[in-house]
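Q: upload34.tsv is the file, holding TSV, N, CA and C atoms:
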```tsv
chain	number	residue	atom	x	y	z
A	1	MET	N	-23.99	89.38	288.85
A	1	MET	CA	-24.73	88.97	290.03
A	1	MET	C	-25.94	89.90	290.19
A	2	GLN	N	-27.03	89.37	290.66
A	2	GLN	CA	-28.26	90.14	290.81
A	2	GLN	C	-28.14	91.12	291.98
A	3	PRO	N	-28.54	92.38	291.78
A	3	PRO	CA	-28.44	93.37	292.86
A	3	PRO	C	-29.21	92.98	294.11
A	4	GLN	N	-30.35	92.32	293.94
A	4	GLN	CA	-31.15	91.92	295.11
A	4	GLN	C	-30.40	90.88	295.93
A	5	LEU	N	-29.73	89.95	295.27
A	5	LEU	CA	-28.95	88.93	295.96
A	5	LEU	C	-27.79	89.56	296.73
A	6	VAL	N	-27.13	90.53	296.12
A	6	VAL	CA	-26.02	91.23	296.79
A	6	VAL	C	-26.54	91.96	298.02
A	7	ALA	N	-27.65	92.67	297.89
A	7	ALA	CA	-28.21	93.41	299.02
A	7	ALA	C	-28.65	92.47	300.14
A	8	ASP	N	-29.25	91.34	299.78
A	8	ASP	CA	-29.72	90.38	300.79
A	8	ASP	C	-28.58	89.70	301.53
A	9	SER	N	-27.39	89.66	300.93
A	9	SER	CA	-26.27	88.96	301.56
A	9	SER	C	-25.19	89.91	302.08
A	10	THR	N	-25.55	91.18	302.32
A	10	THR	CA	-24.61	92.17	302.83
A	10	THR	C	-24.98	92.52	304.27
A	11	PHE	N	-23.96	92.54	305.14
A	11	PHE	CA	-24.19	92.79	306.56
A	11	PHE	C	-23.21	93.85	307.08
A	12	GLU	N	-23.66	94.62	308.06
A	12	GLU	CA	-22.81	95.60	308.73
A	12	GLU	C	-22.30	94.99	310.03
A	13	LEU	N	-21.04	95.23	310.32
A	13	LEU	CA	-20.45	94.78	311.57
A	13	LEU	C	-20.83	95.78	312.65
A	14	ARG	N	-21.42	95.29	313.75
A	14	ARG	CA	-21.87	96.14	314.86
A	14	ARG	C	-21.29	95.62	316.17
A	15	ARG	N	-21.34	96.43	317.20
A	15	ARG	CA	-20.97	95.95	318.53
A	15	ARG	C	-21.91	94.83	318.92
A	16	GLY	N	-21.39	93.87	319.69
A	16	GLY	CA	-22.20	92.72	320.08
A	16	GLY	C	-23.43	93.12	320.86
A	17	GLN	N	-24.56	92.57	320.50
A	17	GLN	CA	-25.81	92.90	321.17
A	17	GLN	C	-25.83	92.43	322.61
A	18	ALA	N	-25.12	91.36	322.91
A	18	ALA	CA	-25.15	90.81	324.27
A	18	ALA	C	-24.24	91.59	325.22
A	19	ASN	N	-23.21	92.25	324.68
A	19	ASN	CA	-22.26	92.97	325.53
A	19	ASN	C	-21.65	94.13	324.74
A	20	TRP	N	-22.16	95.32	324.96
A	20	TRP	CA	-21.70	96.50	324.22
A	20	TRP	C	-20.31	96.95	324.64
A	21	THR	N	-19.84	96.54	325.82
A	21	THR	CA	-18.57	97.06	326.32
A	21	THR	C	-17.37	96.22	325.90
A	22	ASN	N	-17.58	95.02	325.41
A	22	ASN	CA	-16.48	94.15	325.01
A	22	ASN	C	-16.25	94.29	323.50
A	23	PRO	N	-15.11	94.88	323.09
A	23	PRO	CA	-14.88	95.09	321.65
A	23	PRO	C	-14.66	93.80	320.86
A	24	GLN	N	-14.42	92.68	321.55
A	24	GLN	CA	-14.25	91.40	320.83
A	24	GLN	C	-15.58	90.76	320.48
A	25	MET	N	-16.68	91.29	320.99
A	25	MET	CA	-18.00	90.75	320.69
A	25	MET	C	-18.66	91.59	319.60
A	26	VAL	N	-19.13	90.92	318.55
A	26	VAL	CA	-19.71	91.62	317.40
A	26	VAL	C	-21.04	90.98	317.00
A	27	SER	N	-21.84	91.76	316.29
A	27	SER	CA	-23.08	91.28	315.69
A	27	SER	C	-23.08	91.72	314.23
A	28	PHE	N	-23.83	91.01	313.40
A	28	PHE	CA	-23.90	91.30	311.98
A	28	PHE	C	-25.34	91.69	311.64
A	29	LEU	N	-25.53	92.96	311.28
A	29	LEU	CA	-26.85	93.51	310.97
A	29	LEU	C	-27.07	93.48	309.46
A	30	SER	N	-28.21	92.97	309.04
A	30	SER	CA	-28.54	92.92	307.62
A	30	SER	C	-28.69	94.33	307.06
A	31	VAL	N	-28.11	94.58	305.89
A	31	VAL	CA	-28.24	95.88	305.24
A	31	VAL	C	-29.63	96.01	304.62
A	32	ASN	N	-30.11	94.96	304.00
A	32	ASN	CA	-31.39	95.01	303.31
A	32	ASN	C	-32.59	94.88	304.25
A	33	PHE	N	-32.38	94.23	305.39
A	33	PHE	CA	-33.43	94.06	306.40
A	33	PHE	C	-32.87	94.56	307.73
A	34	PRO	N	-32.93	95.89	308.00
A	34	PRO	CA	-32.20	96.47	309.11
A	34	PRO	C	-32.64	96.03	310.50
A	35	ASN	N	-33.70	95.27	310.63
A	35	ASN	CA	-34.09	94.78	311.95
A	35	ASN	C	-33.66	93.32	312.16
A	36	ARG	N	-32.86	92.77	311.25
A	36	ARG	CA	-32.47	91.36	311.33
A	36	ARG	C	-30.96	91.22	311.46
A	37	PHE	N	-30.58	90.24	312.28
A	37	PHE	CA	-29.18	89.94	312.54
A	37	PHE	C	-28.89	88.49	312.19
A	38	ILE	N	-27.62	88.18	311.92
A	38	ILE	CA	-27.22	86.77	311.83
A	38	ILE	C	-27.26	86.21	313.24
A	39	ARG	N	-27.98	85.11	313.43
A	39	ARG	CA	-28.10	84.46	314.74
A	39	ARG	C	-27.71	82.99	314.60
A	40	HIS	N	-27.22	82.41	315.69
A	40	HIS	CA	-26.92	80.97	315.66
A	40	HIS	C	-27.95	80.25	316.52
A	41	ARG	N	-28.43	79.15	315.96
A	41	ARG	CA	-29.43	78.33	316.66
A	41	ARG	C	-29.32	76.92	316.12
A	42	ASP	N	-29.22	75.95	317.01
A	42	ASP	CA	-29.14	74.53	316.63
A	42	ASP	C	-28.00	74.27	315.64
A	43	LEU	N	-26.84	74.88	315.89
A	43	LEU	CA	-25.63	74.72	315.07
A	43	LEU	C	-25.82	75.20	313.63
A	44	GLN	N	-26.76	76.12	313.43
A	44	GLN	CA	-27.00	76.71	312.11
A	44	GLN	C	-27.05	78.23	312.25
A	45	LEU	N	-26.81	78.93	311.15
A	45	LEU	CA	-26.91	80.39	311.13
A	45	LEU	C	-28.22	80.78	310.47
A	46	TRP	N	-28.91	81.76	311.07
A	46	TRP	CA	-30.19	82.26	310.59
A	46	TRP	C	-30.13	83.78	310.52
A	47	VAL	N	-30.91	84.38	309.64
A	47	VAL	CA	-31.08	85.83	309.61
A	47	VAL	C	-32.48	86.10	310.16
A	48	GLU	N	-32.50	86.61	311.39
A	48	GLU	CA	-33.77	86.80	312.11
A	48	GLU	C	-33.69	88.07	312.95
A	49	PRO	N	-34.86	88.58	313.37
A	49	PRO	CA	-34.84	89.69	314.32
A	49	PRO	C	-34.21	89.24	315.63
A	50	ALA	N	-33.55	90.17	316.30
A	50	ALA	CA	-32.96	89.89	317.62
A	50	ALA	C	-33.43	91.00	318.57
A	51	PRO	N	-34.63	90.85	319.14
A	51	PRO	CA	-35.19	91.92	319.98
A	51	PRO	C	-34.30	92.21	321.19
A	52	TRP	N	-34.17	93.50	321.51
A	52	TRP	CA	-33.32	93.93	322.63
A	52	TRP	C	-33.84	93.43	323.96
A	53	ASP	N	-35.14	93.20	324.09
A	53	ASP	CA	-35.70	92.82	325.38
A	53	ASP	C	-35.71	91.31	325.59
A	54	GLN	N	-35.14	90.54	324.70
A	54	GLN	CA	-35.09	89.08	324.85
A	54	GLN	C	-33.64	88.63	324.90
A	55	GLU	N	-33.18	88.23	326.07
A	55	GLU	CA	-31.78	87.86	326.25
A	55	GLU	C	-31.32	86.71	325.35
A	56	PRO	N	-32.06	85.62	325.20
A	56	PRO	CA	-31.54	84.58	324.30
A	56	PRO	C	-31.32	85.09	322.88
A	57	ALA	N	-32.18	85.96	322.40
A	57	ALA	CA	-32.02	86.48	321.04
A	57	ALA	C	-30.77	87.33	320.93
A	58	ARG	N	-30.49	88.16	321.92
A	58	ARG	CA	-29.29	89.01	321.88
A	58	ARG	C	-28.03	88.16	321.92
A	59	SER	N	-28.00	87.15	322.77
A	59	SER	CA	-26.82	86.28	322.86
A	59	SER	C	-26.62	85.48	321.59
A	60	ASP	N	-27.71	85.03	320.99
A	60	ASP	CA	-27.61	84.25	319.76
A	60	ASP	C	-27.12	85.08	318.58
A	61	ALA	N	-27.22	86.41	318.68
A	61	ALA	CA	-26.79	87.29	317.60
A	61	ALA	C	-25.42	87.91	317.88
A	62	THR	N	-24.71	87.39	318.88
A	62	THR	CA	-23.41	87.92	319.26
A	62	THR	C	-22.34	86.87	319.05
A	63	PHE	N	-21.24	87.28	318.43
A	63	PHE	CA	-20.12	86.38	318.14
A	63	PHE	C	-18.84	86.98	318.71
A	64	ILE	N	-17.89	86.13	319.06
A	64	ILE	CA	-16.61	86.58	319.61
A	64	ILE	C	-15.55	86.49	318.52
A	65	VAL	N	-14.84	87.60	318.33
A	65	VAL	CA	-13.75	87.63	317.34
A	65	VAL	C	-12.54	86.97	317.96
A	66	ARG	N	-11.97	86.01	317.28
A	66	ARG	CA	-10.80	85.26	317.77
A	66	ARG	C	-9.69	85.31	316.73
A	67	GLN	N	-8.49	85.02	317.18
A	67	GLN	CA	-7.35	84.91	316.27
A	67	GLN	C	-7.54	83.65	315.42
A	68	PRO	N	-7.08	83.66	314.18
A	68	PRO	CA	-7.19	82.45	313.36
A	68	PRO	C	-6.33	81.33	313.94
A	69	LEU	N	-6.74	80.10	313.69
A	69	LEU	CA	-5.97	78.95	314.17
A	69	LEU	C	-4.64	78.83	313.45
A	70	ALA	N	-4.60	79.28	312.22
A	70	ALA	CA	-3.36	79.22	311.44
A	70	ALA	C	-3.34	80.40	310.48
A	71	ILE	N	-2.18	80.83	310.13
A	71	ILE	CA	-2.05	81.91	309.16
A	71	ILE	C	-1.89	81.26	307.79
A	72	PRO	N	-2.79	81.60	306.86
A	72	PRO	CA	-2.69	80.96	305.53
A	72	PRO	C	-1.39	81.36	304.84
A	73	ILE	N	-0.82	80.40	304.15
A	73	ILE	CA	0.41	80.63	303.41
A	73	ILE	C	0.01	80.96	301.98
A	74	VAL	N	0.36	82.15	301.55
A	74	VAL	CA	0.03	82.59	300.20
A	74	VAL	C	1.27	82.46	299.34
A	75	PRO	N	1.17	81.72	298.24
A	75	PRO	CA	2.35	81.59	297.38
A	75	PRO	C	2.71	82.93	296.75
A	76	PRO	N	3.99	83.17	296.53
A	76	PRO	CA	4.40	84.45	295.92
A	76	PRO	C	3.92	84.54	294.47
A	77	LEU	N	3.63	85.78	294.07
A	77	LEU	CA	3.24	86.00	292.67
A	77	LEU	C	4.48	85.94	291.79
A	78	THR	N	4.35	85.28	290.67
A	78	THR	CA	5.52	85.16	289.76
A	78	THR	C	5.24	85.84	288.45
```
Using the file provided, produce a representation of the structure as structure tokens.

A:
Amino acid sequence: MQPQLVADSTFELRRGQANWTNPQMVSFLSVNFPNRFIRHRDLQLWVEPAPWDQEPARSDATFIVRQPLAIPIVPPLT
């Protein structure tokens, strides 16, 4: 795999930009572009800047960690 592709698709897990006090809220900061976060807009994910002084941008870059709907069943190794 190309190193540039790996760097472009690597993100750090951070406290949610919209609410720093809630540990269930997280944001994903780009490693290769440190001023860009994964944001949701129009039911799509984008990697864009999320300025601290713009509330819609901070909320769009914040996700809530939830329990999975089901626990995957992994077959035993034989």

Q: Interatomic distance between atom C of Trp46 (chain A) and atom C of Asp60 (chain A)?

A: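 The value is 8.7 Å.
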
Q: Quick one: of A:Gln44, A:Gln24, A:Thr10, A:Asn35, who's nearest to Arg66 (chain A), counting all atoms listed in the file?

A: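 Selected residue with least distance to Arg66 (chain A): A:Gln24.
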
Q: Considering all atoms listed in the file, state which residue in the set A:Phe33, A:Ile38, A:Leu13, A:Leu5 is at the smallest distance from Thr62 (chain A).

A: A:Ile38

Q: For Val31 (chain A), which residue out of A:Arg58, A:Ile73, A:Phe11, A:Val47 is the nearest one, using all atoms listed in the file?

A: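 Among A:Arg58, A:Ile73, A:Phe11, A:Val47, it is A:Phe11 that comes nearest to Val31 (chain A).
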
Q: For Asn22 (chain A), work out the shell of residues within 12 Å, counting only C-alpha atoms and skipping chain neighbours fewer than 4 positions away, then give it as a PyMOL selection string.

A: chain A and resi 14-18+26-27+62-65

Q: Tell me, which residues of chain A carry DSSP strand (DSSP E or B), written as a list of chain:residue names?

A: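 Of chain A, the ones in strand (DSSP E or B) are A:Phe11, A:Glu12, A:Leu13, A:Arg14, A:Arg15, A:Met25, A:Val26, A:Ser27, A:Phe28, A:Leu29, A:Ser30, A:Arg36, A:Phe37, A:Ile38, A:Arg39, A:His40, A:Arg41, A:Gln44, A:Leu45, A:Trp46, A:Val47, A:Glu48, A:Pro49, A:Phe63, A:Ile64.
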
Q: A:Leu77, A:Asn32, A:Glu55, A:Ala70: which is nearest Val6 (chain A), counting all atoms listed in the file?

A: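 With all atoms listed in the file as the atom set, the closest residue is A:Asn32.
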
Q: Smallest atom-to-atom distance to Arg41 (chain A): which of A:Phe28, A:Ala61, A:Pro23, A:Glu12, using only N, CA and C atoms?

A: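 For Arg41 (chain A), the nearest of the candidates is A:Ala61.
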
Q: Between CA of Met25 (chain A) and atom N of Gln67 (chain A), what distance in Å does the model show, to one decimal?

A: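 Interatomic distance here is 11.6 Å.
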
Q: Just the number, please: distance in Å from atom C of Leu45 (chain A) to atom N of Ser9 (chain A), one decimal.

A: 13.1 Å

Q: Any chance you could work out the axis-aligned box around region 38-50 of chain A, listed atoms only, 8 Å on each side, giving centre and edge lengths in Å to one decimal, as lines of an AutoDock Vina configuration file?

A:
```
center_x = -30.2
center_y = 82.6
center_z = 314.1
size_x = 25.2
size_y = 32.7
size_z = 25.0
```

Q: If you run DSSP on this backbone, which residues of chain A come out as helix (DSSP H, G or I), and could you give them as an NGL selection string?

A: :A and (3-8 or 55-60)
